[in-house]
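**Student:** One file: model_11.txt (compact mmCIF, C-alpha atoms and all ligand atoms).
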# COMPACT_ATOMS: atom_id res chain seq x y z
CA MET N 659 13.26 17.05 10.29
CA ASN N 660 13.36 13.61 8.79
CA GLN N 661 16.72 12.01 8.57
CA ALA N 662 17.83 9.55 5.99
CA ALA N 663 17.96 6.00 7.23
CA SER N 664 20.96 5.85 9.48
CA SER N 665 20.35 3.77 12.58
CA PRO N 666 21.88 0.30 12.70
CA VAL N 667 19.84 -2.77 11.83
CA PRO N 668 18.28 -4.17 14.99
CA PRO N 669 18.96 -7.82 15.81
CA PRO N 670 16.92 -10.25 13.74
CA ALA N 671 13.57 -11.37 15.05
CA SER N 672 13.36 -14.76 16.62
CA PRO N 673 10.92 -16.86 14.61
CA VAL N 674 8.20 -16.97 17.26
CA PRO N 675 4.74 -18.12 16.16
CA THR N 676 1.92 -15.56 16.13
CA SER N 677 0.28 -15.17 19.50
CA GLY N 678 -3.43 -15.76 19.95
CA ALA N 679 -5.70 -18.16 18.16
CA PRO N 680 -7.43 -17.06 14.99
CA SER N 681 -10.91 -15.76 15.78
CA SER N 682 -12.85 -18.05 13.52
CA ALA N 683 -10.73 -19.10 10.60
CA ALA N 684 -8.51 -22.12 10.74
CA SER N 685 -4.82 -21.61 10.18
CA SER N 686 -2.36 -24.33 9.40
CA PRO N 687 1.42 -24.34 9.45
CA ALA N 688 3.10 -24.11 6.10
CA SER N 689 4.55 -27.24 4.63
CA PRO N 690 8.32 -27.54 5.12
CA SER N 691 10.00 -24.51 3.69
CA THR N 692 10.87 -24.25 0.04
CA GLY N 693 13.28 -21.69 -1.35
CA ARG N 694 11.27 -18.59 -0.56
CA ALA N 695 10.60 -19.04 3.16
CA ALA N 696 12.36 -16.24 5.01
CA SER N 697 15.62 -17.04 6.68
CA PRO N 698 15.31 -16.42 10.42
CA SER N 699 18.35 -14.15 10.27
CA SER N 700 16.93 -11.79 7.63
CA PRO N 701 16.04 -8.25 8.76
CA VAL N 702 13.12 -8.51 6.30
CA HIS N 703 10.38 -10.92 7.33
CA VAL N 704 6.69 -10.35 6.50
CA TYR N 705 3.93 -12.83 5.66
CA ASN N 706 0.72 -11.01 6.42
CA GLU N 707 -0.83 -7.76 7.68
CA TRP N 708 -1.13 -8.67 11.35
CA ASP N 709 1.83 -10.50 12.86
CA PRO N 710 3.41 -8.30 15.56
CA LEU N 711 5.04 -5.39 13.76
CA GLU N 712 8.70 -4.84 14.62
CA GLU N 713 10.03 -2.55 11.91
CA VAL N 714 8.34 -0.29 9.39
CA VAL N 715 9.29 2.40 6.87
CA VAL N 716 7.19 5.57 7.03
CA GLY N 717 7.13 8.08 4.14
CA ILE N 718 8.34 11.67 4.39
CA VAL N 719 6.46 14.81 3.45
CA GLU N 720 9.50 16.99 2.70
CA ASP N 721 10.17 17.81 -0.94
CA ALA N 722 6.75 16.47 -2.03
CA MET N 723 5.61 17.75 -5.41
CA VAL N 724 2.09 17.98 -6.81
CA PRO N 725 1.99 14.99 -9.22
CA PRO N 726 2.46 16.34 -12.74
CA TRP N 727 -0.55 16.02 -15.03
CA ASP N 728 -0.07 12.92 -17.17
CA VAL N 729 -1.98 10.20 -19.06
CA ILE N 730 -2.84 8.27 -15.89
CA MET N 731 -4.19 11.19 -13.87
CA PRO N 732 -7.81 11.26 -15.20
CA ALA N 733 -8.04 7.57 -14.27
CA VAL N 734 -7.00 8.09 -10.63
CA VAL N 735 -8.21 11.55 -9.56
CA HIS N 736 -11.83 10.97 -8.51
CA ASP N 737 -12.84 14.61 -8.31
CA LYS N 738 -12.99 16.17 -11.79
CA THR N 739 -13.04 19.65 -10.26
CA LEU N 740 -9.41 19.01 -9.20
CA TRP N 741 -8.18 18.32 -12.72
CA GLU N 742 -7.64 22.02 -13.35
CA PHE N 743 -5.61 22.24 -10.12
CA PHE N 744 -3.33 19.43 -11.32
CA LYS N 745 -3.03 20.89 -14.81
CA ALA N 746 -2.00 24.25 -13.33
CA ASN N 747 0.10 23.03 -10.36
CA GLY N 748 1.39 19.58 -11.31
CA GLY N 749 5.18 19.53 -11.12
CA LYS N 750 5.24 22.38 -8.55
CA ARG N 751 5.59 22.22 -4.79
CA TRP N 752 2.48 21.75 -2.68
CA PRO N 753 1.54 24.93 -0.81
CA LEU N 754 3.73 25.09 2.31
CA GLU N 755 0.74 25.26 4.68
CA MET N 756 -0.60 21.96 3.31
CA LEU N 757 2.80 20.29 3.66
CA LYS N 758 3.19 21.49 7.25
CA LYS N 759 -0.20 20.11 8.25
CA ALA N 760 0.49 16.80 6.47
CA GLU N 761 3.88 16.58 8.17
CA ALA N 762 2.31 17.10 11.61
CA ASP N 763 0.02 14.13 10.92
CA VAL N 764 2.78 11.84 9.71
CA GLU N 765 5.11 12.71 12.58
CA GLY N 766 2.22 12.00 15.00
CA PHE N 767 1.84 8.59 13.31
CA VAL N 768 5.57 7.91 13.76
CA HIS N 769 5.32 8.92 17.41
CA ILE N 770 2.50 6.44 18.01
CA LEU N 771 4.39 3.65 16.24
CA GLU N 772 7.50 4.26 18.33
CA ALA N 773 5.48 4.50 21.54
CA GLU N 774 3.98 1.10 20.65
CA GLY N 775 7.47 -0.37 20.35
CA VAL N 776 7.90 -0.37 16.56
CA THR N 777 11.23 0.63 14.94
CA VAL N 778 10.52 3.33 12.35
CA ARG N 779 12.81 3.94 9.37
CA ARG N 780 12.51 6.77 6.84
CA PRO N 781 13.32 7.08 3.12
CA GLU N 782 16.01 9.42 1.85
CA ARG N 783 15.38 12.88 0.50
CA PHE N 784 15.52 13.10 -3.28
CA ALA N 785 15.37 15.89 -5.86
CA TRP N 786 11.79 15.21 -6.93
CA ASP N 787 11.63 18.67 -8.53
CA ARG N 788 14.01 17.74 -11.38
CA PRO N 789 12.53 17.05 -14.83
CA ILE N 790 12.59 13.38 -15.79
CA ALA N 791 12.51 11.60 -19.15
CA ALA N 792 12.76 8.23 -20.86
CA PRO N 793 12.46 7.29 -24.54
CA GLY N 794 8.94 8.34 -25.54
CA TRP N 795 8.03 10.63 -22.66
CA SER N 796 9.17 13.41 -20.34
CA LEU N 797 7.69 15.16 -17.30
CA PRO N 798 8.49 18.33 -15.36
CA SER N 799 9.03 16.48 -12.06
CA SER N 800 8.66 13.30 -10.00
CA CYS N 801 6.23 13.12 -7.05
CA TYR N 802 7.46 12.32 -3.53
CA ALA N 803 8.48 9.69 -0.98
CA LEU N 804 5.13 9.91 0.80
CA MET N 805 3.85 6.42 0.18
CA PRO N 806 6.36 3.58 0.48
CA ARG N 807 3.55 0.97 0.33
CA ASP N 808 3.24 1.43 -3.43
CA VAL N 809 6.91 1.21 -4.34
CA LEU N 810 8.24 -1.98 -2.74
CA PHE N 811 6.41 -5.29 -2.28
CA VAL N 812 7.89 -7.02 0.75
CA ILE N 813 7.10 -10.72 1.15
CA GLY N 814 8.98 -13.32 3.17
CA ASP N 815 12.57 -12.09 3.15
CA GLU N 816 12.32 -10.49 -0.28
CA ILE N 817 11.92 -6.87 -1.36
CA ILE N 818 10.48 -6.47 -4.87
CA GLU N 819 10.82 -3.08 -6.59
CA THR N 820 7.48 -2.84 -8.38
CA PRO N 821 6.88 -1.87 -12.05
CA MET N 822 4.73 1.19 -11.34
CA GLY N 823 2.36 2.54 -13.98
CA TRP N 824 2.82 6.25 -13.18
CA ARG N 825 5.58 7.83 -15.19
CA SER N 826 6.01 10.47 -12.48
CA ARG N 827 6.84 7.74 -9.95
CA TYR N 828 9.47 6.07 -12.16
CA PHE N 829 12.40 7.04 -9.93
CA GLU N 830 10.61 6.77 -6.60
CA HIS N 831 12.49 3.56 -5.71
CA HIS N 832 15.61 5.71 -5.35
CA ALA N 833 14.41 7.12 -2.03
CA TYR N 834 14.57 3.59 -0.62
CA LYS N 835 17.87 2.42 -2.12
CA SER N 836 19.94 2.97 1.05
CA LEU N 837 17.44 1.02 3.10
CA CYS N 838 17.28 -1.77 0.49
CA LYS N 839 21.08 -2.01 0.43
CA GLU N 840 21.21 -2.18 4.19
CA TYR N 841 18.53 -4.91 4.32
CA PHE N 842 20.31 -6.76 1.50
CA GLN N 843 23.56 -6.67 3.45
CA GLY N 844 21.64 -7.99 6.45
CA GLY N 845 20.53 -11.06 4.46
CA ALA N 846 17.31 -10.02 2.69
CA ARG N 847 16.66 -10.78 -0.95
CA TRP N 848 16.18 -7.78 -3.23
CA VAL N 849 14.93 -7.83 -6.81
CA ALA N 850 13.40 -5.42 -9.33
CA ALA N 851 10.48 -6.47 -11.54
CA PRO N 852 11.12 -5.68 -15.23
CA ARG N 853 11.49 -1.90 -15.48
CA PRO N 854 8.55 -0.71 -17.59
CA GLU N 855 8.86 1.44 -20.71
CA LEU N 856 5.71 3.46 -19.91
CA THR N 857 5.31 4.58 -23.50
CA ASP N 858 1.88 5.51 -24.88
CA ALA N 859 1.37 1.81 -25.72
CA ASP N 860 0.67 1.23 -21.99
CA TYR N 861 -2.41 3.47 -21.84
CA VAL N 862 -5.81 3.07 -23.53
CA GLU N 863 -6.12 5.93 -25.98
CA GLY N 864 -8.91 8.38 -25.14
CA TYR N 865 -9.68 6.57 -21.86
CA VAL N 866 -12.67 7.90 -19.93
CA ALA N 867 -13.30 6.56 -16.41
CA PRO N 868 -16.55 4.58 -16.06
CA GLU N 869 -19.57 6.02 -14.23
CA GLU N 870 -20.93 4.13 -11.19
CA ASP N 871 -23.57 2.37 -13.28
CA GLU N 872 -21.22 1.37 -16.09
CA PRO N 873 -19.27 -1.89 -16.31
CA GLN N 874 -15.70 -1.85 -15.02
CA ARG N 875 -12.99 -0.72 -17.40
CA PHE N 876 -9.34 0.12 -16.91
CA CYS N 877 -6.92 2.68 -18.38
CA LEU N 878 -3.96 0.29 -18.82
CA THR N 879 -3.31 -1.98 -21.78
CA GLU N 880 -1.45 -5.29 -21.49
CA HIS N 881 1.63 -3.93 -23.25
CA GLU N 882 3.92 -4.98 -20.35
CA PRO N 883 3.58 -6.03 -16.69
CA LEU N 884 2.57 -3.14 -14.42
CA PHE N 885 1.54 -3.02 -10.76
CA ASP N 886 2.04 -1.04 -7.58
CA ALA N 887 2.86 -2.97 -4.43
CA ALA N 888 -0.38 -1.64 -2.83
CA ASP N 889 -2.43 -3.39 -5.52
CA ALA N 890 -1.65 -6.64 -3.65
CA ILE N 891 -2.21 -7.64 -0.03
CA LYS N 892 -0.64 -10.52 1.88
CA CYS N 893 -2.43 -13.24 3.80
CA GLY N 894 0.15 -15.95 4.55
CA ARG N 895 0.40 -18.49 1.71
CA ASP N 896 -2.17 -16.48 -0.25
CA VAL N 897 -1.78 -13.06 -1.84
CA PHE N 898 -4.80 -11.11 -3.11
CA ILE N 899 -4.52 -8.58 -5.92
CA ALA N 900 -6.92 -6.47 -7.97
CA ARG N 901 -6.54 -4.81 -11.35
CA SER N 902 -6.50 -1.03 -11.15
CA SER N 903 -5.34 2.13 -12.91
CA CYS N 904 -1.80 1.04 -12.09
CA CYS N 905 -2.11 -2.78 -12.18
CA ASN N 906 -2.84 -4.80 -15.33
CA GLY N 907 -3.33 -8.51 -15.98
CA SER N 908 0.30 -8.95 -17.04
CA GLY N 909 1.43 -7.41 -13.75
CA ILE N 910 -0.71 -9.91 -11.84
CA GLU N 911 0.68 -12.77 -13.94
CA TRP N 912 4.26 -11.59 -13.34
CA LEU N 913 3.72 -11.57 -9.58
CA ARG N 914 1.95 -14.95 -9.72
CA ARG N 915 4.87 -16.63 -11.53
CA HIS N 916 7.47 -14.86 -9.42
CA LEU N 917 5.91 -15.97 -6.13
CA ALA N 918 4.98 -19.54 -7.17
CA PRO N 919 4.99 -22.15 -5.79
CA GLU N 920 5.37 -20.85 -2.24
CA PHE N 921 2.55 -18.32 -2.56
CA SER N 922 -0.72 -18.40 -4.52
CA VAL N 923 -1.81 -15.12 -6.09
CA HIS N 924 -5.59 -14.65 -6.39
CA GLU N 925 -7.27 -11.88 -8.36
CA VAL N 926 -10.14 -10.12 -6.59
CA GLU N 927 -12.97 -8.77 -8.74
CA ILE N 928 -13.68 -5.10 -8.05
CA HIS N 929 -15.94 -2.34 -9.29
CA ASP N 930 -14.43 1.10 -8.85
CA THR N 931 -14.70 4.14 -11.11
CA HIS N 932 -11.12 5.22 -10.22
CA PRO N 933 -9.41 2.05 -9.01
CA MET N 934 -6.04 2.46 -7.35
CA HIS N 935 -4.75 -0.18 -4.92
CA ILE N 936 -6.59 -2.91 -3.04
CA ASP N 937 -6.14 -1.47 0.45
CA ALA N 938 -9.28 0.70 0.53
CA THR N 939 -11.34 -2.12 -1.00
CA PHE N 940 -10.32 -5.52 0.42
CA TYR N 941 -8.18 -5.90 3.53
CA PRO N 942 -7.55 -9.11 5.55
CA LEU N 943 -6.99 -7.47 8.96
CA ALA N 944 -6.32 -10.54 11.09
CA PRO N 945 -7.02 -14.27 10.88
CA GLY N 946 -10.77 -14.61 10.35
CA LYS N 947 -11.39 -10.88 9.79
CA LEU N 948 -11.74 -9.51 6.27
CA LEU N 949 -12.60 -5.82 5.94
CA VAL N 950 -14.36 -4.93 2.66
CA HIS N 951 -15.68 -1.79 1.01
CA PRO N 952 -19.50 -1.99 0.78
CA THR N 953 -19.60 -1.91 -3.04
CA ARG N 954 -16.11 -1.99 -4.60
CA CYS N 955 -15.45 -5.63 -3.70
CA VAL N 956 -17.76 -7.33 -6.21
CA LYS N 957 -17.24 -10.84 -4.92
CA VAL N 958 -15.42 -12.05 -1.83
CA PRO N 959 -13.39 -15.10 -2.92
CA GLU N 960 -15.19 -18.24 -1.75
CA MET N 961 -12.13 -19.45 0.16
CA PHE N 962 -12.89 -16.86 2.88
CA THR N 963 -16.45 -17.98 3.53
CA THR N 964 -15.49 -21.65 3.23
CA ALA N 965 -12.81 -21.16 5.89
CA GLY N 966 -15.25 -19.34 8.19
CA TRP N 967 -13.82 -15.83 7.95
CA ASP N 968 -16.06 -12.95 9.03
CA VAL N 969 -16.60 -10.49 6.17
CA LEU N 970 -16.76 -7.05 7.82
CA THR N 971 -18.25 -4.20 5.79
CA CYS N 972 -16.61 -0.85 6.39
CA PRO N 973 -19.10 1.76 7.66
CA GLU N 974 -19.61 5.01 5.73
CA PRO N 975 -16.65 7.38 6.24
CA LEU N 976 -17.25 10.37 8.54
CA MET N 977 -14.67 12.69 6.95
CA PRO N 978 -16.60 15.87 6.04
CA ALA N 979 -17.67 15.74 2.37
CA ASP N 980 -15.92 19.05 1.67
CA HIS N 981 -12.52 17.93 3.05
CA PRO N 982 -10.02 18.35 0.20
CA LEU N 983 -8.65 15.02 -1.10
CA TYR N 984 -6.26 15.21 -4.04
CA ASN N 985 -5.21 11.62 -4.41
CA CYS N 986 -7.83 9.35 -2.86
CA SER N 987 -11.47 9.09 -1.79
CA ARG N 988 -13.07 9.35 1.68
CA TRP N 989 -12.83 5.53 1.82
CA ILE N 990 -9.22 6.07 2.72
CA CYS N 991 -10.58 5.48 6.26
CA MET N 992 -10.21 1.73 5.45
CA ASN N 993 -6.48 2.22 4.95
CA VAL N 994 -5.55 1.28 8.51
CA LEU N 995 -2.36 -0.29 9.85
CA MET N 996 -2.39 -3.39 12.05
CA LEU N 997 0.28 -3.50 14.78
CA ASP N 998 -0.74 -7.06 15.65
CA GLU N 999 -3.96 -9.09 15.52
CA GLU N 1000 -5.74 -6.54 17.74
CA ARG N 1001 -4.14 -3.10 17.69
CA VAL N 1002 -5.20 -1.07 14.67
CA ILE N 1003 -4.22 2.51 13.83
CA VAL N 1004 -7.27 4.37 12.53
CA SER N 1005 -7.91 7.96 11.48
CA LYS N 1006 -9.21 10.22 14.26
CA GLY N 1007 -12.70 11.40 13.39
CA GLU N 1008 -13.82 8.02 12.03
CA ASP N 1009 -15.92 7.22 15.11
CA ASP N 1010 -18.20 4.76 13.33
CA LEU N 1011 -15.22 2.70 12.16
CA VAL N 1012 -13.66 2.90 15.63
CA ARG N 1013 -16.91 1.58 17.12
CA ALA N 1014 -17.08 -1.18 14.50
CA PHE N 1015 -13.47 -2.22 15.18
CA LYS N 1016 -14.22 -2.50 18.90
CA LYS N 1017 -17.29 -4.61 18.13
CA TRP N 1018 -15.12 -6.84 15.93
CA GLY N 1019 -12.69 -7.46 18.80
CA LEU N 1020 -9.94 -5.02 17.75
CA LYS N 1021 -8.22 -2.32 19.79
CA PRO N 1022 -8.28 0.92 17.78
CA ILE N 1023 -5.58 3.54 18.30
CA GLU N 1024 -6.78 6.87 16.90
CA CYS N 1025 -4.32 9.17 15.14
CA PRO N 1026 -5.17 12.46 13.38
CA PHE N 1027 -4.50 11.88 9.67
CA TYR N 1028 -7.00 13.87 7.58
CA ASP N 1029 -4.36 16.44 6.60
CA PHE N 1030 -1.95 13.77 5.36
CA GLU N 1031 -4.85 12.15 3.49
CA THR N 1032 -5.39 15.47 1.72
CA ILE N 1033 -2.18 15.11 -0.30
CA GLY N 1034 -1.45 11.42 0.06
CA GLY N 1035 -3.23 8.37 1.37
CA GLY N 1036 -3.85 6.59 4.66
CA PHE N 1037 -1.70 4.82 7.26
CA HIS N 1038 -1.23 1.74 5.08
CA CYS N 1039 -0.07 3.86 2.10
CA ALA N 1040 2.29 5.89 4.26
CA SER N 1041 4.02 2.83 5.70
CA LEU N 1042 5.80 -0.34 4.57
CA ASP N 1043 6.16 -3.38 6.80
CA ILE N 1044 9.73 -4.64 6.96
CA ARG N 1045 9.52 -7.15 9.78
CA ARG N 1046 6.62 -8.81 11.54
CA ARG N 1047 7.27 -11.60 14.05
CA GLY N 1048 5.49 -14.69 12.74
CA GLU N 1049 5.59 -17.74 10.53
CA LEU N 1050 4.42 -18.61 7.06
CA LYS N 1051 0.99 -20.26 7.32
CA SER N 1052 -2.11 -20.92 5.33
CA TYR N 1053 -5.26 -19.31 6.72
CA PHE N 1054 -7.64 -21.30 4.51
O1 LIG C 1101 -10.13 5.34 -3.35
O2 LIG C 1101 -9.35 6.04 -1.59
C1 LIG C 1101 -6.88 4.80 -2.04
C2 LIG C 1101 -5.94 3.65 -1.88
C3 LIG C 1101 -4.56 4.10 -1.73
N1 LIG C 1101 -3.62 3.04 -1.52
C4 LIG C 1101 -9.24 5.34 -2.55
C5 LIG C 1101 -8.10 4.41 -2.77
For this file, write the structure as structure tokens.

**Tutor:**
Amino acid sequence: MNQAASSPVPPPASPVPTSGAPSSAASSPASPSTGRAASPSSPVHVYNEWDPLEEVVVGIVEDAMVPPWDVIMPAVVHDKTLWEFFKANGGKRWPLEMLKKAEADVEGFVHILEAEGVTVRRPERFAWDRPIAAPGWSLPSSCYALMPRDVLFVIGDEIIETPMGWRSRYFEHHAYKSLCKEYFQGGARWVAAPRPELTDADYVEGYVAPEEDEPQRFCLTEHEPLFDAADAIKCGRDVFIARSSCCNGSGIEWLRRHLAPEFSVHEVEIHDTHPMHIDATFYPLAPGKLLVHPTRCVKVPEMFTTAGWDVLTCPEPLMPADHPLYNCSRWICMNVLMLDEERVIVSKGEDDLVRAFKKWGLKPIECPFYDFETIGGGFHCASLDIRRRGELKSYF
């Protein structure tokens, strides 16, 4: 089964520029490096979603618990018919059959990554089944180490432990501590955003998710900065972020100030009844190629059209409507992983998206993932880029 991170750190990447010209958008080299530009010797080096991927962390299915029912759950679980399931089973183990099927998917994903030449690291096991508490709240359990993308924001040579809005994910960073220490020893920077209190003051009292035809509203207050790493997505000098059920305006402002002046953080306007993370809504796949959800992305920032990017609308998902999804919507098909500017890992069964990717000049690699999606998210959620071979640039 999955082992805790144990293999030695591979030699640092040589700082080779990205291969291939951008399809339509202009890219320009960054101005001479300021403090934040990654040191060439750091084992952590990521500026965007598409430079050639060298090392990645992939989540583990073992020990995963059904997220305990808590204040944030009605804001993130799309399907109201599942609320009773969470109320009855939250804080218990997922049924073994579901875990086995999810594990087969994730190990198939790892196999593909390794076959494509990517070094894959795994989080550590952790006692997610233990009750947890902080002043003002307590829960019967944590969740899992399924989705590293949410927990750590990796940019340049820095790892940022994010201030997550789910109480049940408060200790999730612990599954990645050994890896963080190893990367730190190898030269990476490592910081934690202010650890949130997550008291009732963080959540809008009596929150009810909006219907499709209602204006956007969010379940979080501005009591303190909150965001998950997957609420933001990297695009060289520019980072795009959207408010969600786990990301508030203060969280966006914290990231903006922390990353300035090397990176500019732009907020993307969305409409989503159960918003959680930007990566099934707005996804810069490669220079000149922005994948968007047909309705959730209210307005594509003008900088994309001005710079000549193609705005690619994701086709309707083909996952059967009755496929059980406990933590995301069928649009999880958008949650792909780029191995470089062309190779894209996409869920098997999503033939329309595969066809669209080919038309858009990408090389899809299909991997069965519906059973992982049942309890978790997509390829992007299940992974965390540690090193991509490329340089800091502006694509606008
Ligand atoms: O609605 O499917 C999932 C995004 C997870 N990072 C959705 C959003």

**Student:** At a cut-off of 6 Å and counting only C-alpha atoms and all ligand atoms, what residues surround ligand LIG 1101 (chain C)? Please answer as an MDAnalysis selection string.

**Tutor:** chainID N and resid 888 934:935 937:938 986:990 1035 1039

**Student:** Hey, what's within 9 Å of Ile718 (chain N) if we count all atoms listed in the file and toss same-chain stuff fewer than 5 positions away? As a PyMOL selection string, please?

**Tutor:** chain N and resi 660+761+764-765+780-783+802-805+1040

**Student:** CA of Glu855 (chain N) and CA of Pro725 (chain N) are how many Å apart?

**Tutor:**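 Here the two named atoms are 19.0 Å from each other.
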
**Student:** Report as AutoDock Vina command-line options the centre and the edge lengths, in Å to one decimal, of the axis-aligned box holding every listed atom of region 1030-1041 of chain N, padded by 8 Å on each side.

**Tutor:**
--center_x -0.7 --center_y 8.6 --center_z 3.5 --size_x 25.4 --size_y 29.7 --size_z 23.6

**Student:** Would you please work out which residue, of N:Phe784, N:Phe1037, N:Tyr861, N:Trp741, is nearest to Val715 (chain N) when using all atoms listed in the file?

**Tutor:**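 Answer, going by the shortest atom-to-atom distance: N:Phe1037.
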
**Student:** Between CA of Ile730 (chain N) and CA of Ile928 (chain N), what distance in Å does the model show, to one decimal?

**Tutor:**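 Between these atoms lies a distance of 18.9 Å.
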
**Student:** If I take CA of Thr857 (chain N) and CA of Ser902 (chain N), how far is one from the other in Å, to one decimal?

**Tutor:**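 Straight-line distance from CA of Thr857 (chain N) to CA of Ser902 (chain N) works out to 18.0 Å.
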
**Student:** Looking at N:Asn706, N:Ile1033, N:Ala890, N:Glu920, which one is nearest to Tyr984 (chain N), with distances taken over only C-alpha atoms?

**Tutor:**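 Of N:Asn706, N:Ile1033, N:Ala890, N:Glu920, the one nearest Tyr984 (chain N) is N:Ile1033, counting only C-alpha atoms.
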
**Student:** What lies within 12 Å of Ala1014 (chain N) using all atoms listed in the file, ignoring chain neighbours under 3 positions off, as an MDAnalysis selection string?

**Tutor:** chainID N and resid 949 970:975 992 1002 1004 1008:1011 1017:1022

**Student:** Go ahead and dump the residues you just picked, C-alpha atoms, as a compact mmCIF listing (two decimals), in the coordinates of the input.

**Tutor:**
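selection-v9.txt, written as the output of this step:
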# COMPACT_ATOMS: atom_id res chain seq x y z
CA LEU N 949 -12.60 -5.82 5.94
CA LEU N 970 -16.76 -7.05 7.82
CA THR N 971 -18.25 -4.20 5.79
CA CYS N 972 -16.61 -0.85 6.39
CA PRO N 973 -19.10 1.76 7.66
CA GLU N 974 -19.61 5.01 5.73
CA PRO N 975 -16.65 7.38 6.24
CA MET N 992 -10.21 1.73 5.45
CA VAL N 1002 -5.20 -1.07 14.67
CA VAL N 1004 -7.27 4.37 12.53
CA GLU N 1008 -13.82 8.02 12.03
CA ASP N 1009 -15.92 7.22 15.11
CA ASP N 1010 -18.20 4.76 13.33
CA LEU N 1011 -15.22 2.70 12.16
CA LYS N 1017 -17.29 -4.61 18.13
CA TRP N 1018 -15.12 -6.84 15.93
CA GLY N 1019 -12.69 -7.46 18.80
CA LEU N 1020 -9.94 -5.02 17.75
CA LYS N 1021 -8.22 -2.32 19.79
CA PRO N 1022 -8.28 0.92 17.78

**Student:** For region 868-870 of chain N, work out the shell of residues within 12 Å, counting only C-alpha atoms and skipping chain neighbours fewer than 5 positions away, then give it as a list in words.

**Tutor:**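 The contact residues come out as Pro732, Ala733, Val734, His736, Arg875, Phe876, Cys877, Ser903, His929, Asp930, Thr931, His932, Pro933, Thr953 and Arg954 of chain N.
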
**Student:** Nearest to Arg1046 (chain N): which of N:Met756, N:Ala918, N:Val776, N:Val768 is it, counting all atoms listed in the file?

**Tutor:**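 Using all atoms listed in the file, the shortest distance to Arg1046 (chain N) belongs to N:Val776.
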
**Student:** For a quick check of understanding, using only C-alpha atoms, which of N:Pro978, N:Lys957, N:Ser1041, N:Thr820 has the smallest distance to Val994 (chain N)?

**Tutor:**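 Checking each of N:Pro978, N:Lys957, N:Ser1041, N:Thr820 against Val994 (chain N), counting only C-alpha atoms, the winner is N:Ser1041.
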
**Student:** Measuring atom to atom with all atoms listed in the file, identify which of N:Met731, N:Glu911, N:Ala887, N:Phe1030 is nearest to Val866 (chain N).

**Tutor:** N:Met731

**Student:** Rank nothing, just name the residue among N:Ser1005, N:Phe898, N:Tyr1053, N:Val724 nearest to Trp967 (chain N), using only C-alpha atoms.

**Tutor:**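 Smallest distance to Trp967 (chain N) is found for N:Tyr1053.
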
**Student:** With N, CA and C atoms as the goal, would you fill in the gaps in region 999-1011 of chain N and present it as a short mmCIF file (atom, residue, chain, number, x, y, z; two decimals), keeping the file's coordinate frame?

**Tutor:**
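Result went into rebuild_5.cif, see below:
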data_model
loop_
_atom_site.label_atom_id
_atom_site.label_comp_id
_atom_site.auth_asym_id
_atom_site.auth_seq_id
_atom_site.Cartn_x
_atom_site.Cartn_y
_atom_site.Cartn_z
N GLU N 999 -2.61 -8.63 15.86
CA GLU N 999 -3.96 -9.09 15.52
C GLU N 999 -5.06 -8.23 16.12
N GLU N 1000 -4.70 -7.34 17.08
CA GLU N 1000 -5.74 -6.54 17.74
C GLU N 1000 -5.57 -5.04 17.56
N ARG N 1001 -4.34 -4.56 17.73
CA ARG N 1001 -4.14 -3.10 17.69
C ARG N 1001 -4.19 -2.60 16.24
N VAL N 1002 -5.04 -1.60 16.02
CA VAL N 1002 -5.20 -1.07 14.67
C VAL N 1002 -5.15 0.46 14.71
N ILE N 1003 -4.31 1.05 13.88
CA ILE N 1003 -4.22 2.51 13.83
C ILE N 1003 -5.26 3.02 12.84
N VAL N 1004 -6.12 3.91 13.32
CA VAL N 1004 -7.27 4.37 12.53
C VAL N 1004 -7.34 5.89 12.62
N SER N 1005 -7.87 6.50 11.57
CA SER N 1005 -7.91 7.96 11.48
C SER N 1005 -8.87 8.55 12.52
N LYS N 1006 -8.37 9.55 13.26
CA LYS N 1006 -9.21 10.22 14.26
C LYS N 1006 -10.33 10.94 13.53
N GLY N 1007 -11.54 10.82 14.05
CA GLY N 1007 -12.70 11.40 13.39
C GLY N 1007 -13.61 10.32 12.80
N GLU N 1008 -13.04 9.12 12.63
CA GLU N 1008 -13.82 8.02 12.03
C GLU N 1008 -14.46 7.19 13.15
N ASP N 1009 -15.36 7.86 13.92
CA ASP N 1009 -15.92 7.22 15.11
C ASP N 1009 -16.73 5.96 14.79
N ASP N 1010 -17.40 5.95 13.66
CA ASP N 1010 -18.20 4.76 13.33
C ASP N 1010 -17.29 3.55 13.08
N LEU N 1011 -16.17 3.79 12.42
CA LEU N 1011 -15.22 2.70 12.16
C LEU N 1011 -14.56 2.25 13.47
#
